[in-house]
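Undergrad: Here it is, the structure in full.
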Amino acid sequence: MPQEPLLRVAVPAPVRTLFDYLPAAAGELPSPGARLRVPFGRGERCGVLVEVAVAAEPSRALKRIGAVVDAEPLLAAADLDLLAWAARYYQHPIGEVMAAALPLRLRQCKPLLAPRGDRWRLTPTGRASAPALTRAPRQAALAALLVAAPDGLSGAELAEAAGPGAAQALRALVARGWVERSLPADGARPPPAEPGPVLNEAQSAAAGAVRARIDGFAAYLLDGVTGSGKTEVYLELVREVVSRGRQVLVLVPEIGLTPQLLDRFQRRAGARIGVLHSGLAEGDRERAWLAARCGRADVLIGTRSAVFTPLPRLGLVVVDEEHDASFKQQEGFRYSARDLAVVRAQRARCPVVLGSATPALETLRNAQLGRYQTLVLPQRAGAAAPPRVDLVDIRGLRLQAGLAPVSRRLVQETIERGEQVLLFLNRRGYAPVVMCHACGWVAGCRRCDARVTLHAADGLLWCHHCGSQRPRDRQCPDCGSAELVDVGLGTERLEEAIAALFHGYGVVRVDRDSTRRKGALERSFEGIRSGRFPLLVGTQMLAKGHHFPNVTLVVVLDADQGLYGVDFRAPERMAQLIEQVAGRAGRADKPGRVLIQTHHPEHPLLQLLARQGYAGFAAAALAEREAAGLPPFGHQVLFRAEAAQPAPPSAFLGAVARLVRGEAAAGVEVWGPVPAPMERRAGRHRAHLLLQAHERGPLHSRLEDWVTRAAALPEASRVRWSVDVDPQDTL
């Protein structure tokens, strides 16, 4: 009996293996990277063909695929290799990893959206060979349609004219090389680049160092103080790479940074720009993804998931604000886009530039070890001087609108000079606590071990952990009192109080709530730049990357939030946030000033930041981490488990702990299981088990086996569990 090819398919399912299928009874053999409809359980799923193998012996038990969706592979060999590597490293089911790399419609096996103006045409070979298609009537009919349409036909026109079977016939003609997709005329040529400022000496040196090794892999840390012109270095390198006919991937931490970055790149890069982020409509995201895959986009600017986008001519990867925690996916497939960007650049043999004014400690450690070359931009661009930083001791002071007397005075003086003030409070909502004045009851989430935040504009109590909402209570559920008081300050309440305190001056609030509607963020930024709003109230959305040249005073209202967190990374993140928001103060010829209000002015973190800046803090933090053996001087894997009842998560993780302790290599420490810092979240009880090792090798050499055996434990069926490699959040 002749052997049949074996199709190894990545199917989106919580199983860490490929699934084997036989080809369809008739039709062309698909190529790796194409999507397939495959029978799975009682239904069908959309999988990606990873490999074509040969069965050792025929198997009648194997099912045949349902249909081949793509006439040509959607993912190239390099894309499949990267995704397979990521699945192995992060210990996540490969089918779910493949699905995460595709736009939503494509995960559902829907046909590709044709780019506007995209057409199918006969190649010269196809035009000469079309009369020979006597034994393939559907292909002959489709070829005849294309012969009669020298300008080509869209996919929809072909489907309407050729009827059923058009897609299969088209795939066959593409496989023969007789039909090709033509590029749309519009957008084929990049717009001319506007001239930019002349690079200063440090910027020129940084760009020159990367340019010298532009044709091979090298990793660079672009360590530039806020306002030092890192984007100008990016643009210089982008123009160089695009001029060589190659593509650039630019990763940014959140969509709030993309509008102004996109504007600068569109004006200055001289390239066709694509954008990918969650704020786009699904159709626009898919078209941008396809434009990058087909080479019609020279530069792709995107958030975390853009790291997987196919780019056949990749020549440079840039990760802006590389320290940002949002580059780590915290649910499902828990990957780090920053770390994968380095892996992708290495595989593409091109440079990767990690830019930040406050580099992550892991990145600084890699630079110390020589894995990354450090490029320093020590001064602000132009004549701008670094801002003066002062700690304001607010112990025992009467605050108005959250401001100490000295802060109120300086805010008043600043806005009277016609300059702007940024009031930073990383706590959205109206009040973080709703309390009964009679008995002390505090409103909590009914599904989490957490307090709820009052959002007064909506009249809702909102849990910022699970997202649940409910109307605010009219009376205390414990004692029946109607004396419920709002305690504390959120950005919504701060905006109201600031408007009353500085009556007559415009106030704008920028946080996730105020910018929820489409276009709201852009309108806020336009009002800030026009000077309509002298007073800016905001969360970390205002702290990163924005250029507001008229902001000369920054007040950090509550610097104490990150000083005593349960996560060992809390001080690092607080230092980064304070340094980033401080960088908004003072640009060009206007000196800046930063006031950090605190109840703990003697705290070493704040003292280091005020006196030595982020570099001083980072040196001390690295020394502390090394003494404790914590990352980046150690490597961690976190097993998480949750269930509706409290016992199963601990039971499952206890069994995993016994398995690991019985076979762990030397140097692997097992901590736990213990309840998660927030034990109950979204109605489910949670527990953690942490594995840590000084060297990565002993930990990762056995990890795949441990994960496989953990999945087979009887206790595994009673919990929802996951593996987080290199965890960034332990809550």
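Residue names in the structure tokens use chain letters A, B, ... in the order shown, residue numbers from 1 in each chain, and ligand numbers from 1 in the order shown.
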With segment 708-727 of chain A as the partner and 10 Å as the cut-off, tabulate the residues of segment 17-119 of chain A that qualify, each row holding the nearest pair of atoms and their distance in Å to one decimal, using only C-alpha atoms, sorted by chain and rising number, as CSV.

TA:
```
residue,atom,partner,partner_atom,distance
A:Tyr89,CA,A:Val725,CA,7.7
A:Tyr90,CA,A:Val725,CA,5.5
A:Gln91,CA,A:Val723,CA,6.7
A:His92,CA,A:Val723,CA,7.6
```

Undergrad: For the residues selected in the previous step, produce a file with N, CA and C atoms as a compact mmCIF listing (two decimals), in the first residue's frame.

TA:
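In the end it all went to selection-v2.txt:
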```txt
# COMPACT_ATOMS: atom_id res chain seq x y z
N TYR A 89 9.89 27.74 24.28
CA TYR A 89 10.51 28.51 25.36
C TYR A 89 9.49 28.88 26.44
N TYR A 90 8.32 29.35 26.00
CA TYR A 90 7.31 29.80 26.96
C TYR A 90 6.35 28.67 27.37
N GLN A 91 6.61 27.46 26.89
CA GLN A 91 5.84 26.29 27.30
C GLN A 91 4.34 26.51 27.13
N HIS A 92 3.97 26.90 25.90
CA HIS A 92 2.55 27.14 25.61
C HIS A 92 2.16 26.30 24.41
```

Undergrad: Quick one: residues within 10 Å of Phe40 of chain A, only C-alpha atoms, excluding same-chain residues fewer than 2 positions away - as a list in words?

TA: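 Answer for this query is Val11, Ala13, Phe19, Arg37, Val38, Arg42, Gly43, Glu44, Arg45, Cys46, Gly47, Lys63 and Ile65 of chain A.
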
Undergrad: Produce a file of the selected residues containing C-alpha atoms, as an mmCIF file, in the first residue's frame.

TA:
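Wrote out.cif, looks like this:
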```cif
data_model
loop_
_atom_site.group_PDB
_atom_site.id
_atom_site.type_symbol
_atom_site.label_atom_id
_atom_site.label_comp_id
_atom_site.auth_asym_id
_atom_site.auth_seq_id
_atom_site.Cartn_x
_atom_site.Cartn_y
_atom_site.Cartn_z
ATOM 1 C CA VAL A 11 -4.554 23.327 15.972
ATOM 2 C CA ALA A 13 -6.302 23.766 21.505
ATOM 3 C CA PHE A 19 -1.930 16.876 15.265
ATOM 4 C CA ARG A 37 -9.777 23.389 7.922
ATOM 5 C CA VAL A 38 -9.413 20.193 9.920
ATOM 6 C CA ARG A 42 -17.175 16.939 16.845
ATOM 7 C CA GLY A 43 -16.498 19.984 14.738
ATOM 8 C CA GLU A 44 -13.865 21.735 12.645
ATOM 9 C CA ARG A 45 -11.044 24.082 13.545
ATOM 10 C CA CYS A 46 -8.686 26.345 11.660
ATOM 11 C CA GLY A 47 -5.129 25.044 11.905
ATOM 12 C CA LYS A 63 -8.582 11.785 9.540
ATOM 13 C CA ILE A 65 -8.161 17.525 6.321
#
```

Undergrad: Counting only C-alpha atoms, what is within 12 Å of Ala67 of chain A, bar same-chain residues fewer than 6 positions away, as a list in words?

TA: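 So the residues in contact are Tyr21, Leu22, Pro23, Ala24, Ala25, Ala26, Gly27, Glu28, Leu29, Pro30, Ala34, Arg35, Leu36, Arg37, Val38, Pro39, Glu44, Arg45, Cys46, Gly47, Val48, Leu49, Cys109, Gly165, Ala167, Gln168 and Arg171 of chain A.
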
Undergrad: Export, as an mmCIF file, in the first residue's frame, the selected residues with N, CA, C and O atoms.

TA:
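Output file out.cif follows:
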```
data_model
loop_
_atom_site.group_PDB
_atom_site.id
_atom_site.type_symbol
_atom_site.label_atom_id
_atom_site.label_comp_id
_atom_site.auth_asym_id
_atom_site.auth_seq_id
_atom_site.Cartn_x
_atom_site.Cartn_y
_atom_site.Cartn_z
ATOM 1 N N TYR A 21 -2.705 14.620 10.259
ATOM 2 C CA TYR A 21 -3.828 14.414 9.352
ATOM 3 C C TYR A 21 -3.296 13.896 8.024
ATOM 4 O O TYR A 21 -2.110 14.048 7.700
ATOM 5 N N LEU A 22 -4.196 13.325 7.252
ATOM 6 C CA LEU A 22 -3.894 12.946 5.883
ATOM 7 C C LEU A 22 -4.414 14.023 4.939
ATOM 8 O O LEU A 22 -5.367 14.743 5.270
ATOM 9 N N PRO A 23 -3.797 14.154 3.757
ATOM 10 C CA PRO A 23 -4.300 15.149 2.805
ATOM 11 C C PRO A 23 -5.731 14.837 2.381
ATOM 12 O O PRO A 23 -6.234 13.716 2.574
ATOM 13 N N ALA A 24 -6.371 15.819 1.787
ATOM 14 C CA ALA A 24 -7.698 15.582 1.232
ATOM 15 C C ALA A 24 -7.594 14.542 0.125
ATOM 16 O O ALA A 24 -6.534 14.350 -0.491
ATOM 17 N N ALA A 25 -8.694 13.878 -0.149
ATOM 18 C CA ALA A 25 -8.677 12.795 -1.130
ATOM 19 C C ALA A 25 -8.268 13.292 -2.511
ATOM 20 O O ALA A 25 -7.656 12.572 -3.289
ATOM 21 N N ALA A 26 -8.598 14.526 -2.834
ATOM 22 C CA ALA A 26 -8.230 15.104 -4.129
ATOM 23 C C ALA A 26 -7.750 16.523 -3.903
ATOM 24 O O ALA A 26 -8.134 17.182 -2.943
ATOM 25 N N GLY A 27 -6.900 16.991 -4.786
ATOM 26 C CA GLY A 27 -6.420 18.360 -4.681
ATOM 27 C C GLY A 27 -4.928 18.425 -4.462
ATOM 28 O O GLY A 27 -4.259 17.414 -4.225
ATOM 29 N N GLU A 28 -4.403 19.641 -4.565
ATOM 30 C CA GLU A 28 -2.973 19.864 -4.419
ATOM 31 C C GLU A 28 -2.542 19.664 -2.969
ATOM 32 O O GLU A 28 -3.297 19.939 -2.031
ATOM 33 N N LEU A 29 -1.306 19.188 -2.785
ATOM 34 C CA LEU A 29 -0.742 19.050 -1.445
ATOM 35 C C LEU A 29 -0.390 20.441 -0.916
ATOM 36 O O LEU A 29 0.332 21.186 -1.578
ATOM 37 N N PRO A 30 -0.909 20.837 0.251
ATOM 38 C CA PRO A 30 -0.621 22.192 0.754
ATOM 39 C C PRO A 30 0.830 22.319 1.205
ATOM 40 O O PRO A 30 1.510 21.326 1.480
ATOM 41 N N ALA A 34 0.389 27.271 5.342
ATOM 42 C CA ALA A 34 -0.976 27.484 4.869
ATOM 43 C C ALA A 34 -1.969 27.102 5.966
ATOM 44 O O ALA A 34 -1.697 26.252 6.811
ATOM 45 N N ARG A 35 -3.134 27.737 5.929
ATOM 46 C CA ARG A 35 -4.204 27.395 6.874
ATOM 47 C C ARG A 35 -5.036 26.244 6.312
ATOM 48 O O ARG A 35 -5.282 26.168 5.107
ATOM 49 N N LEU A 36 -5.469 25.382 7.202
ATOM 50 C CA LEU A 36 -6.278 24.229 6.823
ATOM 51 C C LEU A 36 -7.512 24.157 7.710
ATOM 52 O O LEU A 36 -7.431 24.432 8.905
ATOM 53 N N ARG A 37 -8.616 23.774 7.109
ATOM 54 C CA ARG A 37 -9.777 23.389 7.922
ATOM 55 C C ARG A 37 -9.626 21.904 8.240
ATOM 56 O O ARG A 37 -9.478 21.082 7.330
ATOM 57 N N VAL A 38 -9.644 21.585 9.537
ATOM 58 C CA VAL A 38 -9.413 20.193 9.920
ATOM 59 C C VAL A 38 -10.517 19.738 10.864
ATOM 60 O O VAL A 38 -11.025 20.520 11.680
ATOM 61 N N PRO A 39 -10.905 18.447 10.776
ATOM 62 C CA PRO A 39 -11.867 17.918 11.753
ATOM 63 C C PRO A 39 -11.192 17.818 13.119
ATOM 64 O O PRO A 39 -10.046 17.392 13.237
ATOM 65 N N GLU A 44 -15.030 21.383 13.449
ATOM 66 C CA GLU A 44 -13.865 21.735 12.645
ATOM 67 C C GLU A 44 -13.129 22.889 13.299
ATOM 68 O O GLU A 44 -13.744 23.716 13.985
ATOM 69 N N ARG A 45 -11.828 22.946 13.076
ATOM 70 C CA ARG A 45 -11.044 24.082 13.545
ATOM 71 C C ARG A 45 -10.113 24.547 12.433
ATOM 72 O O ARG A 45 -9.876 23.819 11.458
ATOM 73 N N CYS A 46 -9.599 25.749 12.631
ATOM 74 C CA CYS A 46 -8.686 26.345 11.660
ATOM 75 C C CYS A 46 -7.263 26.145 12.166
ATOM 76 O O CYS A 46 -6.872 26.722 13.183
ATOM 77 N N GLY A 47 -6.498 25.309 11.495
ATOM 78 C CA GLY A 47 -5.129 25.044 11.905
ATOM 79 C C GLY A 47 -4.129 25.573 10.898
ATOM 80 O O GLY A 47 -4.492 26.015 9.800
ATOM 81 N N VAL A 48 -2.865 25.524 11.283
ATOM 82 C CA VAL A 48 -1.772 25.953 10.407
ATOM 83 C C VAL A 48 -0.876 24.743 10.158
ATOM 84 O O VAL A 48 -0.436 24.077 11.111
ATOM 85 N N LEU A 49 -0.617 24.467 8.884
ATOM 86 C CA LEU A 49 0.269 23.358 8.536
ATOM 87 C C LEU A 49 1.706 23.734 8.889
ATOM 88 O O LEU A 49 2.227 24.737 8.409
ATOM 89 N N CYS A 109 -10.207 31.048 9.695
ATOM 90 C CA CYS A 109 -10.136 30.468 8.355
ATOM 91 C C CYS A 109 -10.946 31.255 7.327
ATOM 92 O O CYS A 109 -11.372 30.704 6.301
ATOM 93 N N GLY A 165 -15.910 26.577 -6.709
ATOM 94 C CA GLY A 165 -14.634 25.984 -7.118
ATOM 95 C C GLY A 165 -13.607 26.999 -7.562
ATOM 96 O O GLY A 165 -12.479 26.626 -7.907
ATOM 97 N N ALA A 167 -11.958 29.254 -5.809
ATOM 98 C CA ALA A 167 -10.809 29.356 -4.899
ATOM 99 C C ALA A 167 -9.826 28.215 -5.119
ATOM 100 O O ALA A 167 -8.612 28.419 -5.160
ATOM 101 N N GLN A 168 -10.362 26.976 -5.304
ATOM 102 C CA GLN A 168 -9.479 25.831 -5.506
ATOM 103 C C GLN A 168 -8.752 25.945 -6.843
ATOM 104 O O GLN A 168 -7.551 25.648 -6.947
ATOM 105 N N ARG A 171 -5.978 28.497 -6.487
ATOM 106 C CA ARG A 171 -4.816 27.956 -5.779
ATOM 107 C C ARG A 171 -3.959 27.100 -6.708
ATOM 108 O O ARG A 171 -2.730 27.148 -6.673
#
```

Undergrad: Which one of A:Glu322, A:Asp458, A:Asp390, A:Asp284 sits closest to Glu254 of chain A if you count only C-alpha atoms?

TA: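 Closest candidate: A:Glu322.
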
Undergrad: If you measure from atom CA of Leu542 of chain A to atom CA of Arg398 of chain A, what distance in Å do you get, rounded to one decimal?

TA: 26.8 Å

Undergrad: So that I can check the surroundings of segment 241-252 of chain A, please list as a list of chain:residue names every protein, DNA and RNA residue that reaches within 7 Å of it, counting only C-alpha atoms and ignoring chain neighbours fewer than 5 positions away.

TA: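 Within the cut-off, the hits are A:Leu257, A:Ala271, A:Asp298, A:Val299, A:Leu300, A:Ile301, A:Gly302, A:Thr303, A:Arg304, A:Leu311, A:Arg313, A:Leu314, A:Gly315, A:Leu316, A:Val317, A:Val318, A:Val319, A:Asp320, A:Glu321.
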
Undergrad: Suppose we keep N, CA and C atoms; can you now write the selection as a compact mmCIF listing (two decimals), in the first residue's frame?

TA:
```txt
# COMPACT_ATOMS: atom_id res chain seq x y z
N LEU A 257 1.01 55.87 22.46
CA LEU A 257 2.23 56.42 21.89
C LEU A 257 2.21 56.42 20.37
N ALA A 271 8.89 56.52 3.83
CA ALA A 271 8.59 55.10 3.71
C ALA A 271 7.10 54.88 3.81
N ASP A 298 6.89 49.34 4.32
CA ASP A 298 8.33 49.37 4.60
C ASP A 298 8.59 49.38 6.09
N VAL A 299 7.71 50.04 6.84
CA VAL A 299 7.87 50.17 8.29
C VAL A 299 6.56 49.75 8.94
N LEU A 300 6.65 48.86 9.92
CA LEU A 300 5.47 48.47 10.69
C LEU A 300 5.64 48.96 12.12
N ILE A 301 4.72 49.82 12.57
CA ILE A 301 4.71 50.32 13.93
C ILE A 301 3.57 49.62 14.67
N GLY A 302 3.88 48.95 15.76
CA GLY A 302 2.83 48.21 16.42
C GLY A 302 3.11 47.96 17.88
N THR A 303 2.08 47.52 18.57
CA THR A 303 2.20 47.14 19.97
C THR A 303 2.62 45.68 20.05
N ARG A 304 2.54 45.11 21.22
CA ARG A 304 3.15 43.82 21.57
C ARG A 304 3.02 42.74 20.49
N LEU A 311 7.44 39.67 8.04
CA LEU A 311 8.15 40.75 7.36
C LEU A 311 9.27 40.09 6.55
N ARG A 313 11.44 40.98 4.41
CA ARG A 313 12.73 41.64 4.16
C ARG A 313 13.20 42.39 5.41
N LEU A 314 12.98 41.80 6.57
CA LEU A 314 13.28 42.48 7.83
C LEU A 314 14.75 42.88 7.91
N GLY A 315 15.00 44.17 8.17
CA GLY A 315 16.37 44.66 8.24
C GLY A 315 16.70 45.41 9.51
N LEU A 316 15.71 45.69 10.36
CA LEU A 316 15.95 46.42 11.61
C LEU A 316 14.74 46.23 12.52
N VAL A 317 15.01 46.04 13.81
CA VAL A 317 13.96 45.99 14.83
C VAL A 317 14.25 47.06 15.87
N VAL A 318 13.24 47.85 16.21
CA VAL A 318 13.35 48.89 17.23
C VAL A 318 12.31 48.61 18.30
N VAL A 319 12.71 48.62 19.57
CA VAL A 319 11.77 48.49 20.69
C VAL A 319 11.87 49.78 21.49
N ASP A 320 10.86 50.64 21.36
CA ASP A 320 10.86 51.92 22.06
C ASP A 320 10.28 51.73 23.47
N GLU A 321 10.85 52.43 24.45
CA GLU A 321 10.45 52.28 25.85
C GLU A 321 10.53 50.80 26.25
```

Undergrad: Hey, what's within 9 Å of segment 356-371 of chain A if we count only C-alpha atoms and toss same-chain stuff fewer than 3 positions away? As number ranges by chain, please?

TA: A: 218-228, 230, 319-324, 374, 572-573, 575-577, 579-580, 583, 614-615, 618, 621-622, 631-633

Undergrad: What residues in segment 424-580 of chain A get the DSSP label helix (DSSP H, G or I)? Please answer as a PyMOL selection string.

TA: chain A and resi 491-501+520-530+540-542+570-580

Undergrad: Within 10 Å of Ile528 of chain A, counting only C-alpha atoms, which residues qualify if same-chain residues fewer than 3 places away don't, as a list in words?

TA: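 Non-adjacent residues within range: Gln420, Gly506, Val507, Val508, Glu522, Arg523, Ser524, Phe525, Gly531, Arg532, Phe533, Pro534, Leu535, Leu536, Phe548, Pro549, Asn550 and Val551 of chain A.
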
Undergrad: Out of A:Asp589, A:Glu201, A:Glu180, A:Asp729, which residue has the shortest atom-to-atom distance to Ala570 of chain A when counting only C-alpha atoms?

TA: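 Of A:Asp589, A:Glu201, A:Glu180, A:Asp729, the one nearest Ala570 of chain A, counting only C-alpha atoms, is A:Asp729.
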
Undergrad: So which one's closest to Gly355 of chain A, A:Asp486, A:Glu232, A:Asp20, A:Glu492? Using only C-alpha atoms, please.

TA: A:Glu232

Undergrad: Counting only C-alpha atoms, which residue out of A:Val389, A:Cys479, A:Leu731, A:Ala341 sits closest to His437 of chain A?

TA: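 Counting only C-alpha atoms, the residue closest to His437 of chain A is A:Cys479.
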
Undergrad: Quick one, how far is atom CA of Gly41 of chain A from atom CA of Thr17 of chain A?

TA: 15.5 Å

Undergrad: Name the residues in contact with Val510 of chain A at a cut-off of 7 Å, using only C-alpha atoms, excluding same-chain residues fewer than 5 positions from it; report them as a ChimeraX atom specification.

TA: /A:515,537-539,541-542

Undergrad: Can you tell me how far atom CA of Gly662 of chain A sits from atom CA of Gly629 of chain A, in Å to one decimal?

TA: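 Distance between the two atoms: 22.7 Å.
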
Undergrad: Which residues in segment 219-392 of chain A does DSSP call strand (DSSP E or B)? List them as a VMD selection string.

TA: chain A and resid 219 to 224 247 to 251 273 to 276 299 to 302 314 to 320 328 336 351 to 356 373 to 377 388 to 392

Undergrad: Smallest atom-to-atom distance to Leu80 of chain A: which of A:Thr491, A:Gln607, A:Thr414, A:Ser31, using only C-alpha atoms?

TA: A:Ser31

Undergrad: Which segment 428-460 of chain A residues have any atom within 12 Å of an atom of segment 664-683 of chain A, and for each, what is the nearest pair of atoms with distance in Å to one decimal, counting only C-alpha atoms, rows sorted by chain and number, as CSV?

TA:
```
residue,atom,partner,partner_atom,distance
A:Gly444,CA,A:Arg681,CA,11.9
A:Cys445,CA,A:Ala682,CA,8.9
A:Arg446,CA,A:Gly683,CA,7.7
A:Arg447,CA,A:Gly683,CA,4.2
A:Cys448,CA,A:Arg681,CA,4.1
A:Asp449,CA,A:Arg680,CA,5.4
A:Ala450,CA,A:Met678,CA,7.6
A:Arg451,CA,A:Met678,CA,11.3
```
